[in-house]
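The file query-v3.cif contains mmCIF, C-alpha atoms:
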data_protein
#
loop_
_atom_site.group_PDB
_atom_site.id
_atom_site.type_symbol
_atom_site.label_atom_id
_atom_site.label_comp_id
_atom_site.auth_asym_id
_atom_site.auth_seq_id
_atom_site.Cartn_x
_atom_site.Cartn_y
_atom_site.Cartn_z
ATOM 1 C CA MET A 187 -26.252 -91.016 -45.486
ATOM 2 C CA PHE A 188 -28.302 -92.691 -42.828
ATOM 3 C CA GLY A 189 -32.047 -92.980 -43.126
ATOM 4 C CA LYS A 190 -34.443 -91.777 -40.480
ATOM 5 C CA LYS A 191 -34.237 -95.130 -38.660
ATOM 6 C CA SER A 192 -30.633 -94.712 -37.506
ATOM 7 C CA GLU A 193 -30.303 -93.998 -33.793
ATOM 8 C CA SER A 194 -29.263 -90.439 -32.985
ATOM 9 C CA TRP A 195 -27.291 -89.314 -29.938
ATOM 10 C CA LEU A 196 -26.274 -85.880 -28.727
ATOM 11 C CA ILE A 197 -23.146 -85.114 -26.683
ATOM 12 C CA VAL A 198 -23.251 -81.663 -25.079
ATOM 13 C CA GLY A 199 -20.284 -79.885 -23.530
ATOM 14 C CA LEU A 200 -21.211 -77.023 -21.193
ATOM 15 C CA GLY A 201 -19.254 -73.788 -20.901
ATOM 16 C CA ASN A 202 -19.237 -70.081 -21.664
ATOM 17 C CA PRO A 203 -18.261 -68.714 -25.094
ATOM 18 C CA GLY A 204 -15.400 -66.251 -25.377
ATOM 19 C CA ARG A 205 -11.641 -66.413 -25.038
ATOM 20 C CA GLU A 206 -11.682 -65.023 -21.491
ATOM 21 C CA TYR A 207 -13.562 -68.106 -20.273
ATOM 22 C CA GLU A 208 -11.614 -70.799 -22.154
ATOM 23 C CA LYS A 209 -9.495 -72.091 -19.271
ATOM 24 C CA THR A 210 -11.932 -71.488 -16.411
ATOM 25 C CA ARG A 211 -13.360 -74.261 -14.238
ATOM 26 C CA HIS A 212 -16.821 -73.733 -15.720
ATOM 27 C CA ASN A 213 -15.540 -74.614 -19.205
ATOM 28 C CA ALA A 214 -14.419 -78.170 -18.474
ATOM 29 C CA GLY A 215 -17.380 -79.445 -20.495
ATOM 30 C CA PHE A 216 -16.380 -77.449 -23.586
ATOM 31 C CA ARG A 217 -12.820 -78.736 -23.326
ATOM 32 C CA ALA A 218 -13.870 -82.384 -22.970
ATOM 33 C CA LEU A 219 -16.193 -82.030 -25.962
ATOM 34 C CA ASP A 220 -13.372 -80.541 -28.043
ATOM 35 C CA ILE A 221 -11.242 -83.602 -27.231
ATOM 36 C CA ARG A 222 -14.075 -85.955 -28.192
ATOM 37 C CA ALA A 223 -14.660 -84.055 -31.441
ATOM 38 C CA GLY A 224 -10.965 -84.203 -32.279
ATOM 39 C CA LYS A 225 -10.800 -87.955 -31.736
ATOM 40 C CA LEU A 226 -13.849 -88.431 -33.938
ATOM 41 C CA GLY A 227 -12.536 -86.062 -36.608
ATOM 42 C CA CYS A 228 -15.723 -84.023 -36.233
ATOM 43 C CA LYS A 229 -15.646 -80.234 -36.584
ATOM 44 C CA VAL A 230 -17.939 -78.449 -34.139
ATOM 45 C CA ASP A 231 -18.259 -75.279 -36.167
ATOM 46 C CA LYS A 232 -21.795 -75.037 -37.543
ATOM 47 C CA GLY A 233 -23.598 -72.044 -36.038
ATOM 48 C CA LYS A 234 -27.217 -72.987 -35.361
ATOM 49 C CA PHE A 235 -29.557 -73.802 -32.464
ATOM 50 C CA GLN A 236 -27.929 -70.993 -30.408
ATOM 51 C CA GLY A 237 -24.777 -73.071 -30.382
ATOM 52 C CA LEU A 238 -21.882 -74.527 -32.326
ATOM 53 C CA TYR A 239 -22.422 -78.099 -33.424
ATOM 54 C CA GLY A 240 -21.112 -80.846 -35.637
ATOM 55 C CA GLN A 241 -22.351 -84.240 -36.722
ATOM 56 C CA THR A 242 -20.685 -87.512 -37.594
ATOM 57 C CA ASP A 243 -21.530 -91.160 -38.114
ATOM 58 C CA TYR A 244 -20.298 -93.466 -35.380
ATOM 59 C CA GLY A 245 -20.893 -97.196 -34.986
ATOM 60 C CA GLY A 246 -24.043 -97.153 -37.083
ATOM 61 C CA LYS A 247 -25.391 -94.167 -35.170
ATOM 62 C CA ARG A 248 -25.716 -90.498 -36.009
ATOM 63 C CA LEU A 249 -23.833 -88.454 -33.435
ATOM 64 C CA TYR A 250 -24.297 -84.731 -32.795
ATOM 65 C CA LEU A 251 -21.799 -82.720 -30.745
ATOM 66 C CA LEU A 252 -22.940 -79.376 -29.307
ATOM 67 C CA LYS A 253 -21.400 -76.419 -27.476
ATOM 68 C CA PRO A 254 -24.207 -74.022 -26.480
ATOM 69 C CA GLN A 255 -23.253 -70.387 -27.060
ATOM 70 C CA THR A 256 -25.977 -68.943 -24.832
ATOM 71 C CA TYR A 257 -23.750 -68.632 -21.753
ATOM 72 C CA MET A 258 -24.069 -71.272 -19.092
ATOM 73 C CA ASN A 259 -27.347 -70.295 -17.430
ATOM 74 C CA LEU A 260 -29.346 -70.623 -20.675
ATOM 75 C CA SER A 261 -27.663 -73.776 -22.033
ATOM 76 C CA GLY A 262 -30.953 -75.666 -22.122
ATOM 77 C CA ARG A 263 -32.326 -73.476 -24.912
ATOM 78 C CA SER A 264 -29.627 -74.664 -27.288
ATOM 79 C CA VAL A 265 -29.958 -78.300 -26.191
ATOM 80 C CA LEU A 266 -33.728 -78.235 -26.640
ATOM 81 C CA GLN A 267 -33.550 -76.681 -30.118
ATOM 82 C CA LEU A 268 -31.107 -79.232 -31.500
ATOM 83 C CA SER A 269 -32.651 -82.250 -29.782
ATOM 84 C CA ALA A 270 -36.154 -81.271 -30.931
ATOM 85 C CA TYR A 271 -35.012 -80.659 -34.516
ATOM 86 C CA TYR A 272 -33.206 -83.986 -34.796
ATOM 87 C CA GLN A 273 -35.635 -85.862 -32.512
ATOM 88 C CA VAL A 274 -33.083 -86.968 -29.926
ATOM 89 C CA PRO A 275 -34.800 -88.029 -26.659
ATOM 90 C CA PRO A 276 -33.328 -87.000 -23.273
ATOM 91 C CA GLN A 277 -32.122 -90.558 -22.607
ATOM 92 C CA ARG A 278 -29.736 -90.202 -25.573
ATOM 93 C CA ILE A 279 -28.346 -86.777 -24.583
ATOM 94 C CA VAL A 280 -24.995 -87.070 -22.762
ATOM 95 C CA VAL A 281 -23.972 -83.865 -20.955
ATOM 96 C CA LEU A 282 -20.356 -83.104 -19.984
ATOM 97 C CA PHE A 283 -19.931 -80.482 -17.271
ATOM 98 C CA ASP A 284 -17.856 -79.243 -14.328
ATOM 99 C CA ASP A 285 -18.547 -80.389 -10.762
ATOM 100 C CA ILE A 286 -17.162 -78.558 -7.709
ATOM 101 C CA SER A 287 -17.923 -81.506 -5.397
ATOM 102 C CA LEU A 288 -15.207 -83.582 -7.119
ATOM 103 C CA GLU A 289 -11.514 -82.795 -6.978
ATOM 104 C CA PRO A 290 -9.712 -82.120 -10.282
ATOM 105 C CA GLY A 291 -8.944 -85.401 -12.021
ATOM 106 C CA ARG A 292 -12.037 -87.247 -10.825
ATOM 107 C CA LEU A 293 -15.198 -88.090 -12.768
ATOM 108 C CA ARG A 294 -18.706 -89.246 -11.982
ATOM 109 C CA VAL A 295 -21.044 -90.773 -14.577
ATOM 110 C CA ARG A 296 -24.748 -90.754 -13.762
ATOM 111 C CA ALA A 297 -27.897 -91.763 -15.615
ATOM 112 C CA ASP A 298 -30.074 -88.926 -14.313
ATOM 113 C CA GLY A 299 -30.694 -86.732 -11.284
ATOM 114 C CA SER A 300 -31.128 -83.175 -10.111
ATOM 115 C CA ALA A 301 -29.023 -80.210 -11.192
ATOM 116 C CA GLY A 302 -27.052 -80.285 -7.947
ATOM 117 C CA GLY A 303 -26.796 -76.504 -8.028
ATOM 118 C CA HIS A 304 -25.276 -76.388 -11.539
ATOM 119 C CA ASN A 305 -27.068 -73.660 -13.506
ATOM 120 C CA GLY A 306 -26.307 -75.141 -16.917
ATOM 121 C CA VAL A 307 -27.817 -78.497 -15.954
ATOM 122 C CA LYS A 308 -30.719 -76.697 -14.250
ATOM 123 C CA SER A 309 -31.458 -74.944 -17.555
ATOM 124 C CA ILE A 310 -31.357 -78.217 -19.507
ATOM 125 C CA ILE A 311 -33.752 -79.898 -17.057
ATOM 126 C CA ALA A 312 -36.128 -76.926 -17.262
ATOM 127 C CA GLU A 313 -36.114 -76.772 -21.068
ATOM 128 C CA LEU A 314 -36.361 -80.533 -21.688
ATOM 129 C CA GLY A 315 -38.885 -81.033 -18.896
ATOM 130 C CA SER A 316 -36.839 -84.050 -17.837
ATOM 131 C CA GLN A 317 -33.814 -84.896 -15.721
ATOM 132 C CA ASP A 318 -33.503 -88.356 -17.301
ATOM 133 C CA PHE A 319 -30.389 -87.671 -19.346
ATOM 134 C CA PRO A 320 -26.941 -89.214 -18.750
ATOM 135 C CA ARG A 321 -24.170 -86.939 -17.602
ATOM 136 C CA VAL A 322 -20.425 -87.028 -17.091
ATOM 137 C CA LYS A 323 -19.337 -84.785 -14.215
ATOM 138 C CA ILE A 324 -15.774 -83.483 -14.363
ATOM 139 C CA GLY A 325 -14.159 -82.564 -11.051
ATOM 140 C CA VAL A 326 -12.912 -78.969 -10.831
ATOM 141 C CA GLY A 327 -12.439 -78.719 -7.050
ATOM 142 C CA ALA A 328 -14.398 -77.122 -4.227
ATOM 143 C CA LYS A 329 -14.157 -73.505 -3.124
ATOM 144 C CA PRO A 330 -11.106 -73.098 -0.856
ATOM 145 C CA HIS A 331 -13.065 -70.771 1.444
ATOM 146 C CA PRO A 332 -16.780 -71.243 2.249
ATOM 147 C CA GLU A 333 -17.417 -67.490 2.055
ATOM 148 C CA GLN A 334 -15.942 -67.205 -1.464
ATOM 149 C CA ASP A 335 -18.462 -66.338 -4.161
ATOM 150 C CA LEU A 336 -19.339 -69.450 -6.180
ATOM 151 C CA ALA A 337 -19.505 -67.563 -9.482
ATOM 152 C CA ASP A 338 -16.023 -66.160 -8.901
ATOM 153 C CA TRP A 339 -14.719 -69.649 -8.125
ATOM 154 C CA VAL A 340 -16.106 -71.428 -11.209
ATOM 155 C CA LEU A 341 -14.904 -68.570 -13.422
ATOM 156 C CA SER A 342 -11.377 -68.842 -12.010
ATOM 157 C CA SER A 343 -8.511 -70.688 -13.688
ATOM 158 C CA PHE A 344 -6.796 -73.849 -12.495
ATOM 159 C CA SER A 345 -3.427 -73.987 -10.772
ATOM 160 C CA ALA A 346 -0.636 -75.744 -12.667
ATOM 161 C CA ALA A 347 -1.064 -78.895 -10.559
ATOM 162 C CA GLU A 348 -4.859 -78.866 -11.038
ATOM 163 C CA GLU A 349 -4.460 -78.350 -14.771
ATOM 164 C CA LYS A 350 -2.213 -81.408 -14.945
ATOM 165 C CA ALA A 351 -4.797 -83.553 -13.128
ATOM 166 C CA LEU A 352 -7.568 -82.108 -15.246
ATOM 167 C CA GLY A 353 -5.836 -83.011 -18.514
ATOM 168 C CA SER A 354 -6.204 -86.758 -18.046
ATOM 169 C CA ALA A 355 -9.722 -86.295 -16.651
ATOM 170 C CA LEU A 356 -10.858 -84.442 -19.769
ATOM 171 C CA GLU A 357 -9.511 -87.283 -21.939
ATOM 172 C CA ARG A 358 -11.336 -89.849 -19.818
ATOM 173 C CA ALA A 359 -14.524 -87.764 -19.767
ATOM 174 C CA ALA A 360 -14.445 -87.699 -23.572
ATOM 175 C CA ASP A 361 -14.059 -91.487 -23.576
ATOM 176 C CA ALA A 362 -16.756 -91.925 -20.923
ATOM 177 C CA ALA A 363 -19.290 -90.153 -23.157
ATOM 178 C CA LEU A 364 -18.755 -92.731 -25.899
ATOM 179 C CA CYS A 365 -18.789 -95.550 -23.346
ATOM 180 C CA VAL A 366 -22.271 -94.431 -22.296
ATOM 181 C CA ILE A 367 -23.381 -94.653 -25.920
ATOM 182 C CA ASP A 368 -21.651 -97.968 -26.614
ATOM 183 C CA HIS A 369 -22.247 -99.839 -23.366
ATOM 184 C CA GLY A 370 -24.703 -97.874 -21.195
ATOM 185 C CA VAL A 371 -24.368 -95.812 -18.024
ATOM 186 C CA PRO A 372 -23.687 -98.669 -15.546
ATOM 187 C CA GLU A 373 -20.699 -99.869 -17.569
ATOM 188 C CA ALA A 374 -19.386 -96.319 -18.025
ATOM 189 C CA ALA A 375 -19.824 -95.571 -14.311
ATOM 190 C CA GLY A 376 -17.961 -98.745 -13.385
ATOM 191 C CA ARG A 377 -15.050 -97.818 -15.620
ATOM 192 C CA TYR A 378 -14.732 -94.097 -14.996
ATOM 193 C CA ASN A 379 -16.254 -93.118 -11.637
ATOM 194 C CA GLY A 380 -14.079 -91.873 -8.842
ATOM 195 C CA SER A 381 -10.477 -92.842 -9.089
ATOM 196 C CA HIS A 382 -7.630 -91.262 -10.980
ATOM 197 C CA PRO A 383 -6.261 -93.326 -13.875
#
Structure encoded using structure tokens:
Amino acid sequence: MFGKKSESWLIVGLGNPGREYEKTRHNAGFRALDIRAGKLGCKVDKGKFQGLYGQTDYGGKRLYLLKPQTYMNLSGRSVLQLSAYYQVPPQRIVVLFDDISLEPGRLRVRADGSAGGHNGVKSIIAELGSQDFPRVKIGVGAKPHPEQDLADWVLSSFSAAEEKALGSALERAADAALCVIDHGVPEAAGRYNGSHP
């Protein structure tokens, strides 16, 4: 067991709980976190902090993985509860989430910033009182028609071609989260931003 001096990090995947939402655009964060958990051999199955979480030791650090179960718009409540309990500062909270401004298959790693219209991120900023947390944005594609309801779009499923592009992006998003922890945001952004593999 690590003592209190070991550095703690939190990786959060955003999504909605429930089978009906599993493959929707809004659940890209959940799916990327599941991949990361699998690669680390970490089960994200403890029910606490209004979420499902797991913990593992990684590279001399204590790593927490969290899937808020509050539904997207209240994600920050779960993030705040776990981060406060384990004393993880915003700068060591990496958030994985869907981004409609990026096409499926593309990623963007950022150190901080506004919510950009994403309600899950908006909730995290409100609850933490900070927007200084790293994030990995996973492209899910823009609305095909401007008049289409945004909620309907992000709760829709991917086409077969989009799903294929998304598969590699989710793998890379999972890797990007660890790259942020290991090497910092600039290095992770240089490796993973923009282009397809």
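Of the residues under consideration (A:Ser343, A:Ser192, A:Gln273, A:Asn305), A:Asn305 shows the shortest atom-to-atom contact distance to Asp285 in chain A when counting only C-alpha atoms.
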Min atom-atom distance to Gly201 in chain A from the set A:Trp339, A:Tyr271, A:Tyr378, A:Phe283, counting all atoms listed in the file, belongs to A:Phe283
With the PyMOL selection byres ((chain A and resi 314-323) around 7) as the selection, what would be picked from this file? Answer as a PyMOL selection string, please.
chain A and resi 266+276-285+293-300+310-313+324-325+359+363
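The residues caught by the PyMOL selection byres ((chain A and resi 242-250) around 7) in this file are A:Ser192, A:Glu193, A:Ser194, A:Trp195, A:Leu196, A:Ile197, A:Cys228, A:Tyr239, A:Gly240, A:Gln241, A:Leu251, A:Leu252.
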Hey, can you spit out that residue selection with C-alpha atoms as a PDB file, in the coordinates of the input?
ATOM      1  CA  SER A 192     -30.633 -94.712 -37.506  1.00  0.00           C
ATOM      2  CA  GLU A 193     -30.303 -93.998 -33.793  1.00  0.00           C
ATOM      3  CA  SER A 194     -29.263 -90.439 -32.985  1.00  0.00           C
ATOM      4  CA  TRP A 195     -27.291 -89.314 -29.938  1.00  0.00           C
ATOM      5  CA  LEU A 196     -26.274 -85.880 -28.727  1.00  0.00           C
ATOM      6  CA  ILE A 197     -23.146 -85.114 -26.683  1.00  0.00           C
ATOM      7  CA  CYS A 228     -15.723 -84.023 -36.233  1.00  0.00           C
ATOM      8  CA  TYR A 239     -22.422 -78.099 -33.424  1.00  0.00           C
ATOM      9  CA  GLY A 240     -21.112 -80.846 -35.637  1.00  0.00           C
ATOM     10  CA  GLN A 241     -22.351 -84.240 -36.722  1.00  0.00           C
ATOM     11  CA  LEU A 251     -21.799 -82.720 -30.745  1.00  0.00           C
ATOM     12  CA  LEU A 252     -22.940 -79.376 -29.307  1.00  0.00           C
TER      13      LEU A 252
END
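Using all atoms listed in the file, the smallest distance between any of A:Ile367, A:Met258, A:Leu238, A:Ala374 and Leu200 in chain A comes from A:Met258.
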As a check of understanding: the span from CA of Ala218 in chain A to CA of Leu356 in chain A is 4.9 Å
As a check of understanding: the span from CA of Asn213 in chain A to CA of Lys253 in chain A is 10.3 Å
| request: Would you write out, as number ranges by chain, every residue that the PyMOL selection byres ((chain A and resi 344) around 9) captures in this file? | output: A: 209-211, 326, 342-343, 345-349, 352
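Note that the spacing between CA of Leu226 in chain A and CA of Arg263 in chain A amounts to 25.4 Å.
When the distance limit is 6 Å and all atoms listed in the file are what count, the residues near Ser264 in chain A, minus those fewer than 2 positions from it on the same chain, are Phe235, Gln236, Gly237, Pro254, Ser261, Gly262, Leu266 and Gln267 of chain A.
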Let me have the centre and edge lengths in Å, one decimal, of the box along x, y and z around every listed atom of range 367-374 of chain A with 4 Å of margin on each side, as AutoDock Vina command-line options.
--center_x -22.0 --center_y -97.3 --center_z -21.1 --size_x 13.3 --size_y 13.2 --size_z 19.1
